[in-house]
Structure formats: C-alpha cells, structure tokens
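This report concerns only the one structure given below.
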Amino acid sequence: LTSAFDPEYGYNLGGSINVVTRSGGNTLEVNTGVYYTNGNWAPKQDARYASDGALLAPTDFDTQREIVRAGATVSGPIIRDRVWFIASYQYSRSLISNVGIDLPRDFDGHYVFTKLTAQPTAEHRITVIGQADPSAIDNMLQSDRFVQPDAQMRQAQGGYLTSLQWDWFISPEMFLETKTLLQKSYIEVTSVPCTHDGDLGYNSCESTEFENTIDFSTPARLGRYNAFSRGNSPYFMYDDRWRMSIDSKFSLLQVEFGGTHDFKTGFTYAHTAWDYSVGYAGNLYFYDVNAVTYDPDTLSNWYWIETTGPFSTTAKADHLGLFIQDVYKPIDNLTFRFGTRFDKSILRNDLGEKIVDVGLWGPRFSVVWDPWSNGKTKIVGSAGRFNAAGRLAVADFMSQGGTGSKLNLGEFFGEFEGPATNNYATWPNDSNRSLAKNLTSPYSDEFSVGGERELIQDLAMQLYFTGKFTRNLWAADDTNLIWDEDGYNVLGTRTGNSTEPHYRLRSPNIAQRNYFRTDLGLRRNMADRWAVEGNYSLTYSRGSVQNTPSAVLAVSPQVKHYIDSNLFTDVRHDVSAGFSWDIPNDPWTTRLGGVIFYESGNPLSRFYSGGYVEGNSILKQTAGTYAREESWWSVNLKVDQAVPVRRGKLFAVVEVYNLFNNRQGDSAYVSSQNRWIISGRQSPVELMLGARYEF
C-alpha cells in the first residue's frame with residue numbers, strides 16, 4: 001500500500017506491506033524445487049576506452065555468474081481440524097566475479113521458515129512463527145582487481161524472527177488480534193576465515209591453525225595507484241539489531257448507525273536497539289603505492305595510520321503508537337475511511353541521552369465511490385499525515401564513541417626514519433556534534449486521487465496521481481567553519497583552533513522532499529487462460545535532502561544548490577508489463593509468461609574539488625541537474641511445462657533473463673578528470689533451468 005491506507009499502518013514515510021504467510025491444512029502437501037542459473041555462456045562485452053587509454057566502462061569479458069537454488073516446503077495436519085504446521089527450507093549458492101578477479105564472490109545462504117497454527121475452539125486461534133536466514137559472503141571485494149586473496153573480506157549476515165499471535169473471535173462482529181515479536185538481525189564483516197580445504201583456493205590455514213580462524217592482528221596493506229592490497233582486510237565490524245514489539249487491535253464490525261460502520265482501535269509498542277563494534281586489525285593499517293604505475297619494483301609505503309583500539313556503541317528507541325479508525329458506508333456504493341493515530345518516540349545515543357523525544361498526530365481520510373453501483377468503476381481520493389517518529393541512525397549520529405587516529409608519513413616521502421619521527425597529524429576521538437533546540441521529527445503530508453474502470457469484461461484501466469510533501473528531515477549544519485561567499489574555501493574558524501566541522505543536528509523545514517507520481521495502468525486478471533498487466537509511471541522527485549541525516553546545511557553558501565534539486569529517486573519514466581498464457585495444447589499443460597521493464601536514468605551531480613576540508617564536494621549548479629545515467633530495459637521470458645507423473649505434479653521450468661543481452665550502463669559518475677565513467681552495467685543474458693514437484 002502506497003497511499004490511502006488506514007491509521008493502523010504505522011508511521012513510515014513510504015509504503016506499507018502486509019505479508020500473509022501460508023498455513024498448513026488437513027492434507028499433507030510437499031513442494032520441492034531445484035533451479036540453476038548461468039550467465040557465463042552469454043556473449044560478453046569488452047571494455048570501452050578513451051583515446052588516451054583511460055577506462056570509461058567496465059568489461060565483463062571474463063566474468064563469472066552462476067546461481068543454484070534448492071528448497072522444499074512441507075505442510076499438513078498435526079491434529080486434524082485443530083493443529084496444522086508448515087515448514088520450508090531453501091538453500092542458495094552463487095559465484096559471481098568481475099573482470100580480472102580470480103576469486104568469485106561466494107554467497108552461501110540458508111533460509112528456514114516454520115509455522116504452527118492451532119485452533120482449539122472456534123473462538124480462539126494461536127499462531128507461532130519462527131524463521132532464520134544465516135548467510136555468508138566470501139571474497140566481497142569485486143570492484144578492484146588489485147586485491148590479493150589474503151586481503152579479501154567476508155560478510156556473515158542473517159538473523160531470526162519469532163512471533164506469537166492470538167486471535168479471539170468474540171462474535172461474528174467482534175474480534176481481537178494480539179501479537180508479540182522478537183527479531184534479531186546481524187552483519188559481521190571480517191577477513192575471510194582461513195580454511196584447510198585447498199579446493200577453495202583462498203586463505204589456507206597454517207598447519208597449526210584451527211579451521212575458520214580469523215586474523216585480527218596482522219595490519220592490512222592497502223594498495224593505491226595499482227599497487228596490490230595484501231596481508232589482511234583492514235577492519236572488522238560486528239553489527240547487531242534487535243526489535244521487540246507487542247501490538248493489539250480490536251475490531252467491531254457492521255454497526256448500524258446512518259449506514260454501516262467497521263470500527264477498529266489498537267496500540268503498538270516497540271523497543272529497538274542497535275549495537276555495533278568496529279576496529280582495525282592490529283590497530284594499524286598501511287597505504288602502499290607504486291611510484292611507477294604497474295611496476296611493483298617501485299612499491300613503497302605512502303603513509304600509515306595508527307588507531308585506538310576497537311570501540312563499541314549503541315543506539316536505542318522506544319515507540320508507542322495508538323490509533324482509532326472507522327470504515328463507514330452510508331450507502332452501498334460509497335465508502336469513507338477515516339481516523340487518526342498518535343506516535344510517541346524516544347531515541348537515545350550510546351550515553352543514554354535523549355536525542356529525540358516527540359509525539360505526533362497523524363489524521364487520515366479517504367473515500368471510495370462506485371458511481372454506477374455496478375462494480376465496474378472505482379473513484380478514490382485520500383489525504384493524510386504520516387509520521388517518521390525516529391530512526392536509530394539519527395540517535396547514532398549523536399553517539400559519543402569513536403576512533404582516534406594518527407597519520408604517519410612513509411618512505412615515499414624520502415626521509416623515512418620510523419614511527420617516532422614521522423607523525424604528520426593526530427585526530428582524537430572527541431565528539432564534535434551537538435543538538436539544536438526544539439527538534440521536531442519528519443512527517444509527510446500525502447494525497448492521492450484516481451480511478452479504475454472496466455473497459456471490457458475482465459480488462460480494466462486505472463489512472464492515479466499521488467503527491468507527497470515531506471518536511472523537517474534530519475540535517476546537520478556546521479557551527480565552526482567560516483566560508484567564502486561561494487562555499488569554495490574556508491576563510492577561518494569560529495573556535496580558532498580546529499579546521500574540522502562541528503556538526504549540529506537539526507530538523508528544519510528547509511530539509512524537505514516533494515514527490516509527484518502519475519500511474520497509468522492496464523490489467524486483465526486470469527480469464528480464458530490468459531492474463532496481462534502493465535503500468536507506466538511518470539515521477540518527479542525534488543527537494544533539498546538526498547539522504548538522511550543530511551549534510552545539506554553543512555556549507556551555508558552551498559545550500560542554494562540543493563534547494564529544489566533533483567533527488568536520486570527522480571526516475572522520470574518507468575514501465576513494467578507482463579503476461580501469462582496457457583498455450584492451447586490439450587490438456588493445457590504449458591504456460592508461457594514474460595515481463596518487460598524500462599526505467600529512465602537517475603540524475604547525477606557534478607562535484608568539484610577545492611578548499612572544502614572533506615574533499616571534492618563543491619557544487620556550481622543545482623544538484624541532480626548535471627546529467628543522467630543511461631536508461632535501461634530488459635525482457636524476461638519463462639515457460640512452465642507440466643510433465644506427466646503417476647502421482648503429484650511435476651514441472652520443468654525454463655527462464656531467460658535479459659533476453660536481448662542489453663548492457664546499458666546502469667550506474668555512472670563524473671570523474672575528477674571530468675570524464676563520464678560507467679561504473680556498472682546490467683547483468684548479461686542468463687538462462688535458468690529448474691524443476692518443481694508437488695504432491
């Protein structure tokens with residue numbers, strides 16, 4: 001749901017997604033499938049170079065791309081008519097490498113889902129859900145061919161979710177739904193653990209090391225200007241996020257009073273926490289450089305950085321949401337949906353200090369009208385306020401923990417003597433961030449109007465227009481640096497001794513986004529063995545905040561270049577269409593399907609280098625107006641073929657992704673040499689072969 005949704009649906013500024021998972025029944029059912037995808041056989045495209053040899057677009061000439069997925073789902077009764085179960089497991093493995101990189105990115109994922117449903121009486125139903133998705137990604141660094149195997153990184157990720165829900169059907173017109181949830185997600189980034197499996201080809205353990213030993217002590221040596229990175233990955237990070245919640249909703253339906261009313265009221269309480277630790281292997285890392293490009297004999301140490309030990313920090317949030325709403329039908333062909341919600345949020349940083357403490361109201365109203373009372377036309381209008389009562393990233397922005405560091409010049413500078421004499425600069429881990437007074441919290445006022453009309457039987461056209469006006473987004477200004485009139489150079493400081501910015505967190509009205517979208521669609525539900533659906537979207541996304549918390553206010557003379565700029569989400573044209581057809585080859589056992597996608601490019605900004613202390617961040621024109629990435633399009637086709645078997649159903653599946661091997665650049669930037677660089681291309685044509693069996 002992206003508009004016209006009721007107050008019970010949260011405080012987010014985007015859409016709301018309701019997922020209803022499958023449940024077991026009185027019949028034992030099994031569904032298994034195996035799918036293999038390969039993009040290695042496709043025609044490849046070599047790199048594009050400028051006349052002076054500079055690389056302008058990436059090659060995929062010797063890339064690798066293979067994916068295997070296998071899974072099974074089992075469901076059925078534990079006690080017939082009373083208790084049912086469903087359980088599923090899926091395994092996914094992919095090997096994907098970029099040009100010139102010997103070791104592919106190795107993804108290994110496991111997905112487990114279990115659900116138990118019990119209905120001891122007609123009035124009570126209890127549902128227990130558990131799921132987990134542990135995964136690991138080895139050899140993550142695929143953007144640089146100058147990374148040796150011992151400098152690669154691993155990311156372990158996943159988590160688990162458990163929930164308990166009680167539904168009480170008090171009467172046909174009254175019911176109560178109550179749910180508790182505990183969720184944990186994690187990301188762990190380290191060097192690739194060593195292995196005694198020589199067939200993997202990377203990071204072998206020493207004879208005395210245990211399997212999966214992680215090296216936290218050897219400093220990394222990071223190569224620059226085509227020198228190899230080696231020795232170890234530079235840093236490690238452990239990131240844990242928790243969410244504990246309880247919500248309850250009471251519904252009273254079909255109340256007769258000037259028509260019919262469906263009332264609902266309820267509350268949600270949630271506690272979220274974010275804990276993470278960051279450190280550098282050996283509290284030290286080196287930058288090495290080839291004085292002559294590609295000549296390892298000219299390798300020398302450029303500089304090295306000493307750091308304080310690993311640090312840990314946390315951010316926490318508590319949220320309480322209350323709502324009340326009514327679905328009112330004064331007559332059969334007219335429906336009003338209206339209500340309000342209140343969101344109270346408190347966010348705390350790593351010292352337990354309150355960063356955000358707000359309470360916001362969010363009234364909402366919508367109307368649905370069938371003017372001819374025949375079910376062939378629907379006209380819809382809605383308006384409402386949606387509150388973003390808090391993000392943990394905002395509290396973390398004000399955390400006081402950090403890493404101190406010291407930069408030392410290396411032998412590249414000619415008079416290399418040692419750590420004691422080559423200290424160039426020192427940065428303590430003192431916090432330079434503060435809070436502005438009278439902070440509010442972001443909110444979005446949204447409206448949507450549109451309609452749908454059946455043109456012929458089973459074929460409908462729809463037209464919608466949506467507007468969203470988001471205000472008071474999180475942004476930080478600077479209270480220390482004094483800039484020239486263009487924001488190109490620092491003239492002085494207000495503290496008199498530090499040239500670092502002193503950020504102050506704010507939520508001003510100038511930090512805003514405006515979003516307008518028009519959708520024109522056509523939909524035919526499955527009838528007479530075929531279905532089709534298509535949608536064209538025209539979108540304008542403007543504002544001053546590209547991301548949040550934003551630095552839009554950090555350089556005051558540069559703010560003018562962000563006002564009413566094209567946001568990165570300003571993708572003007574978007575087309576998606578698909579069809580499904582049961583081919584008439586009696587007994588109708590072949591289904592053909594296809595989809596087509598088209599998307600115009602994202603806007604880009606041109607940044608220039610200068611006196612800005614944080615590097616190449618100077619704008620000379622409005623952000624997002626310099627250029628756009630290439631448009632891209634893709635066509636996918638799929639065939640499901642039923643195969644006769646004595647019991648159950650067996651299907652062979654063939655799918656082709658990006659059928660025409662379109663290779664537009666789907667990401668790009670303007671380099672410091674003012675070159676247009678394509679940094680990524682669409683994935684090449686891929687073939688997927690699979691089999692699915694059900695009984």
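Identifiers in this document derive from the order of the structure tokens: chains are assigned A, B, ..., residues are numbered from 1 separately in each chain, and ligands are numbered from 1 in order of occurrence.
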Spatial neighbours of segment 192-200 of chain A, 7 Å, only C-alpha atoms, chain gap at least 2 places, as number ranges by chain: A: 138, 152-154, 190, 202-205, 211-214
Write out the residues from the selection above, keeping C-alpha atoms, as a CSV table (one decimal), in the first residue's frame.
chain,number,residue,atom,x,y,z
A,138,ASP,CA,33.3,-14.6,0.9
A,152,GLN,CA,39.6,-10.2,0.8
A,153,MET,CA,36.7,-9.8,3.2
A,154,ARG,CA,33.8,-11.9,4.5
A,190,THR,CA,35.9,-9.6,8.9
A,202,TYR,CA,42.0,-19.0,-0.9
A,203,ASN,CA,43.3,-18.2,2.5
A,204,SER,CA,44.7,-21.5,3.6
A,205,CYS,CA,45.2,-22.1,7.3
A,211,GLU,CA,39.6,-24.1,10.7
A,212,ASN,CA,37.9,-20.7,10.3
A,213,THR,CA,40.4,-18.8,12.3
A,214,ILE,CA,40.0,-15.0,11.7
Can you list every residue of segment 321-385 of chain A that has an atom at most 8 Å from segment 237-260 of chain A, with its nearest atom pair and the distance in Å to one decimal, using only C-alpha atoms, ordered by chain then number, as a tab-separated table?
residue	atom	partner	partner_atom	distance
A:Tyr328	CA	A:Thr260	CA	5.8
A:Lys329	CA	A:Thr260	CA	5.3
A:Pro330	CA	A:Gly259	CA	4.2
A:Ile331	CA	A:Gly259	CA	6.4
Option closest in space to Lys376 of chain A, from A:Ala317, A:Ser92, A:Thr32, A:Gln462 [counting only C-alpha atoms]: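 Distance minimum relative to Lys376 of chain A lands on A:Gln462.
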Test item, strand (DSSP E) assignment across segment 326-475 of chain A, answer as JSON, numbers by chain: {"A": [326, 327, 328, 329, 330, 331, 334, 335, 336, 337, 338, 339, 340, 341, 342, 343, 344, 345, 346, 347, 348, 354, 355, 356, 357, 358, 359, 360, 361, 362, 363, 364, 365, 366, 367, 368, 369, 377, 378, 379, 380, 381, 382, 383, 384, 385, 386, 387, 405, 406, 407, 408, 409, 423, 424, 425, 426, 427, 433, 434, 435, 443, 444, 445, 446, 447, 448, 449, 450, 451, 452, 453, 454, 455, 456, 459, 460, 461, 462, 463, 464, 465, 466, 467, 468, 469, 470, 471, 475]}
Every residue of segment 208-339 of chain A that DSSP places in helix (DSSP H, G or I), as a list of chain:residue names: A:Ala281, A:Gly282, A:Asn283, A:Pro296, A:Asp297, A:Thr298
Next, write the just-selected residues to a file, as a PDB file, in the first residue's frame, keeping N, CA, C and O atoms as the atom set.
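The new file out_26.pdb reads:
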ATOM      1  N   ALA A 281      42.488  -4.256  12.267  1.00  0.00           N
ATOM      2  CA  ALA A 281      43.397  -5.357  12.577  1.00  0.00           C
ATOM      3  C   ALA A 281      44.743  -4.808  13.030  1.00  0.00           C
ATOM      4  O   ALA A 281      45.384  -4.035  12.305  1.00  0.00           O
ATOM      5  N   GLY A 282      45.143  -5.189  14.213  1.00  0.00           N
ATOM      6  CA  GLY A 282      46.406  -4.710  14.757  1.00  0.00           C
ATOM      7  C   GLY A 282      46.400  -3.246  15.128  1.00  0.00           C
ATOM      8  O   GLY A 282      47.465  -2.677  15.413  1.00  0.00           O
ATOM      9  N   ASN A 283      45.227  -2.594  15.114  1.00  0.00           N
ATOM     10  CA  ASN A 283      45.113  -1.152  15.386  1.00  0.00           C
ATOM     11  C   ASN A 283      46.037  -0.331  14.487  1.00  0.00           C
ATOM     12  O   ASN A 283      46.596   0.694  14.896  1.00  0.00           O
ATOM     13  N   PRO A 296      55.770  -3.145  -9.757  1.00  0.00           N
ATOM     14  CA  PRO A 296      55.893  -3.485  -8.332  1.00  0.00           C
ATOM     15  C   PRO A 296      57.279  -3.221  -7.770  1.00  0.00           C
ATOM     16  O   PRO A 296      57.448  -3.147  -6.550  1.00  0.00           O
ATOM     17  N   ASP A 297      58.284  -3.056  -8.641  1.00  0.00           N
ATOM     18  CA  ASP A 297      59.629  -2.756  -8.138  1.00  0.00           C
ATOM     19  C   ASP A 297      59.715  -1.348  -7.569  1.00  0.00           C
ATOM     20  O   ASP A 297      60.699  -1.007  -6.897  1.00  0.00           O
ATOM     21  N   THR A 298      58.726  -0.503  -7.850  1.00  0.00           N
ATOM     22  CA  THR A 298      58.738   0.867  -7.323  1.00  0.00           C
ATOM     23  C   THR A 298      57.807   1.015  -6.117  1.00  0.00           C
ATOM     24  O   THR A 298      57.461   2.129  -5.738  1.00  0.00           O
TER      25      THR A 298
END
Distance criterion (only C-alpha atoms): nearest to Phe365 of chain A out of A:Thr59, A:Leu28, A:Pro7, A:Gly467: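 Of all the options, A:Pro7 lies closest to Phe365 of chain A.
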Close residues, segment 104-119 of chain A itself excluded, 9 Å, only C-alpha atoms, min 2 positions apart in chain, as a PyMOL selection string: chain A and resi 21-24+63-65+71+79+81-98+101-102+121-142+158
Distance criterion (only C-alpha atoms): nearest to Lys638 of chain A out of A:Phe607, A:Phe579, A:Phe447, A:Phe323: A:Phe579
Pick from A:Gln457, A:Asn509, A:Asn349, A:Thr466 nearest to Tyr443 of chain A, counting only C-alpha atoms: A:Asn509
Close residues, Phe336 of chain A itself excluded, 6 Å, only C-alpha atoms, min 4 positions apart in chain, as a ChimeraX atom specification: /A:327-328,366-367
Would you save the residues from that selection as a compact mmCIF listing (two decimals), in the first residue's frame, using all heavy atoms?
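Saved to out_14.txt:
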# COMPACT_ATOMS: atom_id res chain seq x y z
N VAL A 327 -14.51 2.54 9.07
CA VAL A 327 -14.86 2.36 7.66
C VAL A 327 -16.37 2.50 7.58
O VAL A 327 -17.11 1.64 8.06
CB VAL A 327 -14.40 0.99 7.13
CG1 VAL A 327 -14.80 0.83 5.67
CG2 VAL A 327 -12.89 0.83 7.30
N TYR A 328 -16.82 3.61 7.01
CA TYR A 328 -18.24 3.99 7.06
C TYR A 328 -18.84 3.93 5.66
O TYR A 328 -18.33 4.54 4.72
CB TYR A 328 -18.38 5.40 7.63
CG TYR A 328 -19.76 5.99 7.57
CD1 TYR A 328 -20.88 5.24 7.94
CD2 TYR A 328 -19.95 7.30 7.14
CE1 TYR A 328 -22.15 5.79 7.88
CE2 TYR A 328 -21.22 7.86 7.09
CZ TYR A 328 -22.32 7.10 7.46
OH TYR A 328 -23.59 7.64 7.40
N SER A 366 -10.02 8.97 3.54
CA SER A 366 -10.13 8.57 2.13
C SER A 366 -11.58 8.24 1.82
O SER A 366 -12.38 7.94 2.72
CB SER A 366 -9.23 7.36 1.83
OG SER A 366 -9.61 6.24 2.58
N VAL A 367 -11.89 8.28 0.53
CA VAL A 367 -13.23 7.98 0.07
C VAL A 367 -13.13 7.12 -1.18
O VAL A 367 -12.24 7.30 -2.03
CB VAL A 367 -14.02 9.28 -0.23
CG1 VAL A 367 -13.32 10.13 -1.29
CG2 VAL A 367 -15.45 8.97 -0.67
Nearest to Glu306 of chain A, chosen from A:Ile510, A:Leu435, A:Ala220, A:Val68, with only C-alpha atoms counted in the distances: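 For Glu306 of chain A, the nearest of the given residues is A:Ala220.
Comparing the minimum interatomic distances between Phe146 of chain A and each of A:Ser556, A:Ser185, A:Asn226, A:Thr426, counting only C-alpha atoms, we find that A:Asn226 sits nearest.
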With only C-alpha atoms as the counted atoms, please give the residues lying no more than 6 Å from Thr37 of chain A, apart from itself and same-chain residues fewer than 2 positions off, as a JSON list (two decimals) with N, CA, C and O atoms, in the first residue's frame.
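out32.json written:
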[["chain", "number", "residue", "atom", "x", "y", "z"],
["A", 66, "GLU", "N", 27.08, -17.71, -11.70],
["A", 66, "GLU", "CA", 26.34, -18.96, -11.55],
["A", 66, "GLU", "C", 25.56, -18.92, -10.24],
["A", 66, "GLU", "O", 26.08, -18.47, -9.22],
["A", 67, "ILE", "N", 24.32, -19.40, -10.29],
["A", 67, "ILE", "CA", 23.46, -19.40, -9.11],
["A", 67, "ILE", "C", 22.72, -20.73, -9.05],
["A", 67, "ILE", "O", 22.18, -21.20, -10.06],
["A", 687, "LEU", "N", 20.39, -17.82, -18.33],
["A", 687, "LEU", "CA", 19.46, -18.91, -18.54],
["A", 687, "LEU", "C", 19.25, -19.64, -17.22],
["A", 687, "LEU", "O", 20.21, -20.03, -16.57],
["A", 688, "MET", "N", 17.98, -19.83, -16.83],
["A", 688, "MET", "CA", 17.66, -20.58, -15.63],
["A", 688, "MET", "C", 16.91, -21.85, -16.02],
["A", 688, "MET", "O", 15.93, -21.80, -16.78]]
Nearby residues (only C-alpha atoms) at most 9 Å from Gly601 of chain A, same-chain spacing under 4 positions excluded, as a PyMOL selection string: chain A and resi 570-573+628-632+666-667
Generate the output file for the selected residues, N, CA and C atoms, as a PDB file, in the first residue's frame.
ATOM      1  N   ASP A 570      14.604  10.613  -8.605  1.00  0.00           N
ATOM      2  CA  ASP A 570      13.855  11.276  -9.663  1.00  0.00           C
ATOM      3  C   ASP A 570      14.029  10.487 -10.967  1.00  0.00           C
ATOM      4  N   VAL A 571      13.442   9.312 -11.002  1.00  0.00           N
ATOM      5  CA  VAL A 571      13.450   8.470 -12.194  1.00  0.00           C
ATOM      6  C   VAL A 571      12.157   8.759 -12.947  1.00  0.00           C
ATOM      7  N   ARG A 572      12.243   9.548 -14.001  1.00  0.00           N
ATOM      8  CA  ARG A 572      11.057  10.124 -14.617  1.00  0.00           C
ATOM      9  C   ARG A 572      10.119   9.064 -15.201  1.00  0.00           C
ATOM     10  N   HIS A 573      10.673   8.129 -15.959  1.00  0.00           N
ATOM     11  CA  HIS A 573       9.822   7.208 -16.714  1.00  0.00           C
ATOM     12  C   HIS A 573      10.091   5.768 -16.281  1.00  0.00           C
ATOM     13  N   ARG A 628      22.289  12.598 -16.501  1.00  0.00           N
ATOM     14  CA  ARG A 628      21.536  11.429 -16.056  1.00  0.00           C
ATOM     15  C   ARG A 628      22.221  10.156 -16.535  1.00  0.00           C
ATOM     16  N   GLU A 629      22.087   9.113 -15.723  1.00  0.00           N
ATOM     17  CA  GLU A 629      22.566   7.816 -16.157  1.00  0.00           C
ATOM     18  C   GLU A 629      21.753   7.324 -17.346  1.00  0.00           C
ATOM     19  N   GLU A 630      22.283   6.311 -18.015  1.00  0.00           N
ATOM     20  CA  GLU A 630      21.574   5.764 -19.164  1.00  0.00           C
ATOM     21  C   GLU A 630      20.253   5.126 -18.738  1.00  0.00           C
ATOM     22  N   SER A 631      19.272   5.200 -19.645  1.00  0.00           N
ATOM     23  CA  SER A 631      18.075   4.401 -19.456  1.00  0.00           C
ATOM     24  C   SER A 631      18.422   2.931 -19.690  1.00  0.00           C
ATOM     25  N   TRP A 632      17.634   2.050 -19.080  1.00  0.00           N
ATOM     26  CA  TRP A 632      17.878   0.622 -19.317  1.00  0.00           C
ATOM     27  C   TRP A 632      16.545  -0.089 -19.497  1.00  0.00           C
ATOM     28  N   ASP A 666      24.060   0.953 -15.974  1.00  0.00           N
ATOM     29  CA  ASP A 666      23.000   1.259 -15.013  1.00  0.00           C
ATOM     30  C   ASP A 666      23.508   2.072 -13.830  1.00  0.00           C
ATOM     31  N   SER A 667      24.781   2.418 -13.827  1.00  0.00           N
ATOM     32  CA  SER A 667      25.314   3.359 -12.835  1.00  0.00           C
ATOM     33  C   SER A 667      26.510   4.066 -13.458  1.00  0.00           C
TER      34      SER A 667
END
Atom-to-atom span, atom CA of Ala57 of chain A and atom CA of Gln664 of chain A, Å: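 It comes out at 10.3 Å.
You will find atom CA of Phe695 of chain A at 14.9 Å from atom CA of Pro77 of chain A.
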Long-range neighbours of Asn438 of chain A as number ranges by chain, 12 Å cut-off, only C-alpha atoms, 5 positions minimum in chain: A: 355-358, 472, 505-508
One-decimal distance in Å that lies between atom CA of Leu491 of chain A and atom CA of Lys620 of chain A: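 One can read the atom CA of Lys620 of chain A to atom CA of Leu491 of chain A distance as 18.8 Å.
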